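Raw contents of run_6.json, JSON, N, CA, C and O atoms:
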[["chain", "number", "residue", "atom", "x", "y", "z"],
["A", 1, "MET", "N", 6.02, -9.34, 9.74],
["A", 1, "MET", "CA", 6.00, -7.92, 10.01],
["A", 1, "MET", "C", 6.51, -7.14, 8.79],
["A", 1, "MET", "O", 6.06, -6.05, 8.53],
["A", 2, "PHE", "N", 7.47, -7.74, 8.08],
["A", 2, "PHE", "CA", 8.01, -7.08, 6.90],
["A", 2, "PHE", "C", 6.93, -6.84, 5.84],
["A", 2, "PHE", "O", 6.87, -5.77, 5.25],
["A", 3, "PHE", "N", 6.09, -7.84, 5.61],
["A", 3, "PHE", "CA", 5.04, -7.70, 4.61],
["A", 3, "PHE", "C", 4.05, -6.61, 5.00],
["A", 3, "PHE", "O", 3.62, -5.82, 4.15],
["A", 4, "LEU", "N", 3.68, -6.57, 6.26],
["A", 4, "LEU", "CA", 2.73, -5.56, 6.72],
["A", 4, "LEU", "C", 3.30, -4.16, 6.54],
["A", 4, "LEU", "O", 2.62, -3.28, 6.01],
["A", 5, "VAL", "N", 4.52, -3.96, 6.96],
["A", 5, "VAL", "CA", 5.14, -2.63, 6.86],
["A", 5, "VAL", "C", 5.32, -2.24, 5.40],
["A", 5, "VAL", "O", 5.04, -1.10, 5.01],
["A", 6, "THR", "N", 5.75, -3.17, 4.57],
["A", 6, "THR", "CA", 5.93, -2.88, 3.15],
["A", 6, "THR", "C", 4.60, -2.51, 2.49],
["A", 6, "THR", "O", 4.53, -1.54, 1.73],
["A", 7, "GLY", "N", 3.56, -3.26, 2.79],
["A", 7, "GLY", "CA", 2.24, -2.95, 2.22],
["A", 7, "GLY", "C", 1.71, -1.60, 2.68],
["A", 7, "GLY", "O", 1.17, -0.84, 1.88],
["A", 8, "LEU", "N", 1.89, -1.29, 3.95],
["A", 8, "LEU", "CA", 1.42, -0.01, 4.45],
["A", 8, "LEU", "C", 2.19, 1.16, 3.85],
["A", 8, "LEU", "O", 1.61, 2.20, 3.54],
["A", 9, "ILE", "N", 3.49, 0.98, 3.67],
["A", 9, "ILE", "CA", 4.29, 2.04, 3.04],
["A", 9, "ILE", "C", 3.87, 2.24, 1.59],
["A", 9, "ILE", "O", 3.73, 3.38, 1.12],
["A", 10, "MET", "N", 3.64, 1.14, 0.87],
["A", 10, "MET", "CA", 3.20, 1.26, -0.52],
["A", 10, "MET", "C", 1.86, 1.99, -0.61],
["A", 10, "MET", "O", 1.68, 2.89, -1.46],
["A", 11, "LEU", "N", 0.92, 1.62, 0.25],
["A", 11, "LEU", "CA", -0.39, 2.27, 0.21],
["A", 11, "LEU", "C", -0.29, 3.74, 0.62],
["A", 11, "LEU", "O", -0.98, 4.59, 0.04],
["A", 12, "ALA", "N", 0.57, 4.04, 1.57],
["A", 12, "ALA", "CA", 0.74, 5.44, 1.99],
["A", 12, "ALA", "C", 1.35, 6.27, 0.85],
["A", 12, "ALA", "O", 0.94, 7.43, 0.64],
["A", 13, "LEU", "N", 2.28, 5.71, 0.12],
["A", 13, "LEU", "CA", 2.87, 6.43, -1.01],
["A", 13, "LEU", "C", 1.84, 6.67, -2.12],
["A", 13, "LEU", "O", 1.83, 7.73, -2.74],
["A", 14, "ILE", "N", 0.98, 5.71, -2.35],
["A", 14, "ILE", "CA", -0.05, 5.88, -3.38],
["A", 14, "ILE", "C", -1.07, 6.92, -2.95],
["A", 14, "ILE", "O", -1.47, 7.77, -3.75],
["A", 15, "ILE", "N", -1.46, 6.90, -1.70],
["A", 15, "ILE", "CA", -2.38, 7.94, -1.19],
["A", 15, "ILE", "C", -1.71, 9.30, -1.27],
["A", 15, "ILE", "O", -2.35, 10.30, -1.63],
["A", 16, "GLY", "N", -0.41, 9.35, -0.96],
["A", 16, "GLY", "CA", 0.33, 10.60, -1.09],
["A", 16, "GLY", "C", 0.38, 11.10, -2.52],
["A", 16, "GLY", "O", 0.32, 12.30, -2.78],
["A", 17, "LEU", "N", 0.50, 10.19, -3.47],
["A", 17, "LEU", "CA", 0.49, 10.57, -4.88],
["A", 17, "LEU", "C", -0.84, 11.20, -5.27],
["A", 17, "LEU", "O", -0.88, 12.24, -5.95],
["A", 18, "PHE", "N", -1.95, 10.62, -4.82],
["A", 18, "PHE", "CA", -3.26, 11.19, -5.12],
["A", 18, "PHE", "C", -3.45, 12.54, -4.44],
["A", 18, "PHE", "O", -4.04, 13.45, -5.01],
["A", 19, "TRP", "N", -2.95, 12.68, -3.21],
["A", 19, "TRP", "CA", -3.05, 13.96, -2.51],
["A", 19, "TRP", "C", -2.24, 15.03, -3.25],
["A", 19, "TRP", "O", -2.71, 16.15, -3.43],
["A", 20, "LEU", "N", -1.03, 14.66, -3.69],
["A", 20, "LEU", "CA", -0.18, 15.60, -4.41],
["A", 20, "LEU", "C", -0.80, 15.99, -5.74],
["A", 20, "LEU", "O", -0.72, 17.15, -6.16],
["A", 21, "LYS", "N", -1.45, 15.04, -6.41],
["A", 21, "LYS", "CA", -2.12, 15.31, -7.68],
["A", 21, "LYS", "C", -3.22, 16.35, -7.49],
["A", 21, "LYS", "O", -3.34, 17.30, -8.27],
["A", 22, "ASP", "N", -4.00, 16.21, -6.41],
["A", 22, "ASP", "CA", -5.06, 17.17, -6.14],
["A", 22, "ASP", "C", -4.51, 18.51, -5.71],
["A", 22, "ASP", "O", -5.05, 19.56, -6.05],
["A", 23, "ARG", "N", -3.44, 18.49, -4.94],
["A", 23, "ARG", "CA", -2.86, 19.73, -4.41],
["A", 23, "ARG", "C", -2.23, 20.57, -5.52],
["A", 23, "ARG", "O", -2.38, 21.79, -5.54],
["A", 24, "LEU", "N", -1.51, 19.92, -6.44],
["A", 24, "LEU", "CA", -0.80, 20.65, -7.49],
["A", 24, "LEU", "C", -1.62, 20.82, -8.77],
["A", 24, "LEU", "O", -1.26, 21.63, -9.61],
["A", 25, "ALA", "N", -2.69, 20.05, -8.90],
["A", 25, "ALA", "CA", -3.55, 20.07, -10.09],
["A", 25, "ALA", "C", -2.71, 19.88, -11.36],
["A", 25, "ALA", "O", -2.87, 20.59, -12.34],
["A", 26, "SER", "N", -1.84, 18.89, -11.32],
["A", 26, "SER", "CA", -0.95, 18.61, -12.43],
["A", 26, "SER", "C", -1.54, 17.52, -13.32],
["A", 26, "SER", "O", -1.86, 16.43, -12.83],
["A", 27, "PRO", "N", -1.66, 17.81, -14.63],
["A", 27, "PRO", "CA", -2.15, 16.77, -15.53],
["A", 27, "PRO", "C", -1.21, 15.56, -15.62],
["A", 27, "PRO", "O", -1.66, 14.43, -15.78],
["A", 28, "LEU", "N", 0.09, 15.80, -15.50],
["A", 28, "LEU", "CA", 1.04, 14.71, -15.54],
["A", 28, "LEU", "C", 0.87, 13.78, -14.34],
["A", 28, "LEU", "O", 0.84, 12.55, -14.49],
["A", 29, "LEU", "N", 0.71, 14.36, -13.15],
["A", 29, "LEU", "CA", 0.49, 13.53, -11.96],
["A", 29, "LEU", "C", -0.85, 12.80, -12.05],
["A", 29, "LEU", "O", -0.97, 11.68, -11.55],
["A", 30, "ALA", "N", -1.85, 13.43, -12.66],
["A", 30, "ALA", "CA", -3.14, 12.76, -12.82],
["A", 30, "ALA", "C", -3.00, 11.53, -13.72],
["A", 30, "ALA", "O", -3.57, 10.48, -13.43],
["A", 31, "ARG", "N", -2.24, 11.66, -14.80],
["A", 31, "ARG", "CA", -2.03, 10.51, -15.68],
["A", 31, "ARG", "C", -1.28, 9.39, -14.98],
["A", 31, "ARG", "O", -1.58, 8.21, -15.16],
["A", 32, "ILE", "N", -0.29, 9.77, -14.17],
["A", 32, "ILE", "CA", 0.48, 8.77, -13.43],
["A", 32, "ILE", "C", -0.40, 8.10, -12.37],
["A", 32, "ILE", "O", -0.40, 6.88, -12.21],
["A", 33, "ALA", "N", -1.19, 8.92, -11.64],
["A", 33, "ALA", "CA", -2.01, 8.38, -10.55],
["A", 33, "ALA", "C", -3.08, 7.42, -11.07],
["A", 33, "ALA", "O", -3.40, 6.44, -10.40],
["A", 34, "TYR", "N", -3.64, 7.71, -12.23],
["A", 34, "TYR", "CA", -4.71, 6.87, -12.75],
["A", 34, "TYR", "C", -4.20, 5.80, -13.72],
["A", 34, "TYR", "O", -4.99, 5.18, -14.42],
["A", 35, "SER", "N", -2.90, 5.57, -13.73],
["A", 35, "SER", "CA", -2.36, 4.56, -14.64],
["A", 35, "SER", "C", -2.59, 3.16, -14.09],
["A", 35, "SER", "O", -2.85, 2.96, -12.90],
["A", 36, "GLY", "N", -2.47, 2.21, -14.95],
["A", 36, "GLY", "CA", -2.66, 0.82, -14.56],
["A", 36, "GLY", "C", -1.57, 0.32, -13.63],
["A", 36, "GLY", "O", -1.81, -0.53, -12.78],
["A", 37, "LEU", "N", -0.36, 0.87, -13.77],
["A", 37, "LEU", "CA", 0.73, 0.47, -12.89],
["A", 37, "LEU", "C", 0.44, 0.82, -11.44],
["A", 37, "LEU", "O", 0.67, 0.00, -10.54],
["A", 38, "ILE", "N", -0.08, 2.00, -11.19],
["A", 38, "ILE", "CA", -0.39, 2.42, -9.82],
["A", 38, "ILE", "C", -1.51, 1.55, -9.25],
["A", 38, "ILE", "O", -1.48, 1.18, -8.07],
["A", 39, "ALA", "N", -2.48, 1.19, -10.09],
["A", 39, "ALA", "CA", -3.55, 0.31, -9.63],
["A", 39, "ALA", "C", -3.00, -1.06, -9.24],
["A", 39, "ALA", "O", -3.39, -1.63, -8.21],
["A", 40, "ARG", "N", -2.08, -1.57, -10.03],
["A", 40, "ARG", "CA", -1.47, -2.86, -9.71],
["A", 40, "ARG", "C", -0.62, -2.77, -8.44],
["A", 40, "ARG", "O", -0.62, -3.69, -7.61],
["A", 41, "LEU", "N", 0.10, -1.68, -8.29],
["A", 41, "LEU", "CA", 0.90, -1.49, -7.07],
["A", 41, "LEU", "C", 0.01, -1.37, -5.84],
["A", 41, "LEU", "O", 0.38, -1.84, -4.76],
["A", 42, "ALA", "N", -1.17, -0.76, -5.99],
["A", 42, "ALA", "CA", -2.10, -0.68, -4.87],
["A", 42, "ALA", "C", -2.61, -2.07, -4.48],
["A", 42, "ALA", "O", -2.75, -2.37, -3.29],
["A", 43, "LEU", "N", -2.88, -2.90, -5.48],
["A", 43, "LEU", "CA", -3.29, -4.28, -5.18],
["A", 43, "LEU", "C", -2.19, -5.06, -4.49],
["A", 43, "LEU", "O", -2.44, -5.81, -3.54],
["A", 44, "VAL", "N", -0.96, -4.88, -4.93],
["A", 44, "VAL", "CA", 0.17, -5.56, -4.29],
["A", 44, "VAL", "C", 0.34, -5.07, -2.86],
["A", 44, "VAL", "O", 0.56, -5.86, -1.94],
["A", 45, "GLY", "N", 0.20, -3.76, -2.64],
["A", 45, "GLY", "CA", 0.31, -3.22, -1.29],
["A", 45, "GLY", "C", -0.79, -3.74, -0.38],
["A", 45, "GLY", "O", -0.53, -4.08, 0.78],
["A", 46, "GLY", "N", -2.00, -3.83, -0.89],
["A", 46, "GLY", "CA", -3.09, -4.39, -0.10],
["A", 46, "GLY", "C", -2.88, -5.86, 0.21],
["A", 46, "GLY", "O", -3.14, -6.32, 1.32],
["A", 47, "ALA", "N", -2.39, -6.60, -0.78],
["A", 47, "ALA", "CA", -2.12, -8.03, -0.56],
["A", 47, "ALA", "C", -1.01, -8.22, 0.46],
["A", 47, "ALA", "O", -1.11, -9.10, 1.33],
["A", 48, "PHE", "N", 0.04, -7.41, 0.37],
["A", 48, "PHE", "CA", 1.12, -7.50, 1.36],
["A", 48, "PHE", "C", 0.60, -7.21, 2.75],
["A", 48, "PHE", "O", 1.00, -7.85, 3.72],
["A", 49, "SER", "N", -0.28, -6.22, 2.87],
["A", 49, "SER", "CA", -0.82, -5.88, 4.19],
["A", 49, "SER", "C", -1.63, -7.04, 4.75],
["A", 49, "SER", "O", -1.50, -7.38, 5.94],
["A", 50, "VAL", "N", -2.46, -7.64, 3.94],
["A", 50, "VAL", "CA", -3.28, -8.77, 4.39],
["A", 50, "VAL", "C", -2.40, -9.96, 4.77],
["A", 50, "VAL", "O", -2.61, -10.59, 5.81],
["A", 51, "ILE", "N", -1.40, -10.25, 3.94],
["A", 51, "ILE", "CA", -0.49, -11.36, 4.24],
["A", 51, "ILE", "C", 0.26, -11.07, 5.54],
["A", 51, "ILE", "O", 0.45, -11.97, 6.37],
["A", 52, "GLY", "N", 0.70, -9.84, 5.73],
["A", 52, "GLY", "CA", 1.40, -9.49, 6.95],
["A", 52, "GLY", "C", 0.54, -9.66, 8.19],
["A", 52, "GLY", "O", 1.00, -10.20, 9.20],
["A", 53, "VAL", "N", -0.71, -9.24, 8.11],
["A", 53, "VAL", "CA", -1.62, -9.41, 9.25],
["A", 53, "VAL", "C", -1.86, -10.89, 9.52],
["A", 53, "VAL", "O", -1.86, -11.34, 10.67],
["A", 54, "LEU", "N", -2.05, -11.68, 8.46],
["A", 54, "LEU", "CA", -2.27, -13.12, 8.64],
["A", 54, "LEU", "C", -1.05, -13.81, 9.25],
["A", 54, "LEU", "O", -1.19, -14.71, 10.09],
["A", 55, "LEU", "N", 0.14, -13.41, 8.84],
["A", 55, "LEU", "CA", 1.35, -14.00, 9.42],
["A", 55, "LEU", "C", 1.50, -13.64, 10.89],
["A", 55, "LEU", "O", 1.91, -14.47, 11.71],
["A", 56, "ILE", "N", 1.18, -12.40, 11.24],
["A", 56, "ILE", "CA", 1.24, -11.99, 12.65],
["A", 56, "ILE", "C", 0.23, -12.76, 13.47],
["A", 56, "ILE", "O", 0.53, -13.24, 14.58],
["A", 57, "LEU", "N", -0.98, -12.91, 12.94],
["A", 57, "LEU", "CA", -2.00, -13.69, 13.65],
["A", 57, "LEU", "C", -1.61, -15.16, 13.78],
["A", 57, "LEU", "O", -1.86, -15.79, 14.81],
["A", 58, "ALA", "N", -0.99, -15.71, 12.75],
["A", 58, "ALA", "CA", -0.55, -17.11, 12.81],
["A", 58, "ALA", "C", 0.52, -17.30, 13.88],
["A", 58, "ALA", "O", 0.49, -18.29, 14.61],
["A", 59, "ASN", "N", 1.45, -16.35, 13.97],
["A", 59, "ASN", "CA", 2.46, -16.44, 15.03],
["A", 59, "ASN", "C", 1.82, -16.30, 16.42],
["A", 59, "ASN", "O", 2.24, -16.98, 17.35],
["A", 60, "PHE", "N", 0.84, -15.44, 16.53],
["A", 60, "PHE", "CA", 0.17, -15.25, 17.82],
["A", 60, "PHE", "C", -0.58, -16.52, 18.23],
["A", 60, "PHE", "O", -0.49, -16.95, 19.37],
["A", 61, "VAL", "N", -1.27, -17.13, 17.29],
["A", 61, "VAL", "CA", -2.04, -18.35, 17.59],
["A", 61, "VAL", "C", -1.08, -19.50, 17.89],
["A", 61, "VAL", "O", -1.33, -20.31, 18.80],
["A", 62, "ARG", "N", 0.02, -19.59, 17.15],
["A", 62, "ARG", "CA", 0.99, -20.66, 17.38],
["A", 62, "ARG", "C", 1.61, -20.56, 18.78],
["A", 62, "ARG", "O", 1.82, -21.56, 19.45],
["A", 63, "ASP", "N", 1.91, -19.32, 19.22],
["A", 63, "ASP", "CA", 2.51, -19.14, 20.54],
["A", 63, "ASP", "C", 1.49, -19.24, 21.67],
["A", 63, "ASP", "O", 1.87, -19.39, 22.82],
["A", 64, "TRP", "N", 0.25, -19.16, 21.36],
["A", 64, "TRP", "CA", -0.80, -19.20, 22.36],
["A", 64, "TRP", "C", -1.01, -20.61, 22.77],
["A", 64, "TRP", "O", -1.08, -21.24, 23.63]]
Could I get this file's structure written as C-alpha cells?
Amino acid sequence: MFFLVTGLIMLALIIGLFWLKDRLASPLLARIAYSGLIARLALVGGAFSVIGVLLILANFVRDW
C-alpha cells in the first residue's frame, strides 16, 4: 500500500506542477517541468504505482 500511495502522490505532484506552469505561464516553471529530472520522477512514480497494485493483488490472491 505504501508503494501505491507514494506513486500516486508523486504523479499528483507532477501533474500539479504542469497545471501550475500553465496557470502562471512562468518560463522558470516550464524549464523545471520539462526537465529530465521530472521525467525520471514520473517514471519512478508510475513504477511505484504498478508495484503497489501488484503487491495488493498478490496479497489478495494469497489470502483467497
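Atom O of Leu37 in chain A lies 15.0 Å from CA of Leu8 in chain A.
Nearest residue to Val50 in chain A among A:Gly16, A:Gly36, A:Gly7, A:Pro27 is A:Gly7, counting only N, CA, C and O atoms.
Between CA of Phe2 in chain A and CA of Arg40 in chain A there is a distance of 19.6 Å.
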One decimal place gives the atom O of Gly52 in chain A-atom C of Leu4 in chain A separation as 7.0 Å
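Checking A:Leu55, A:Ile38, A:Leu43, A:Val61 one by one against Ile14 in chain A, counting only C-alpha atoms, you find the shortest gap at A:Ile38.
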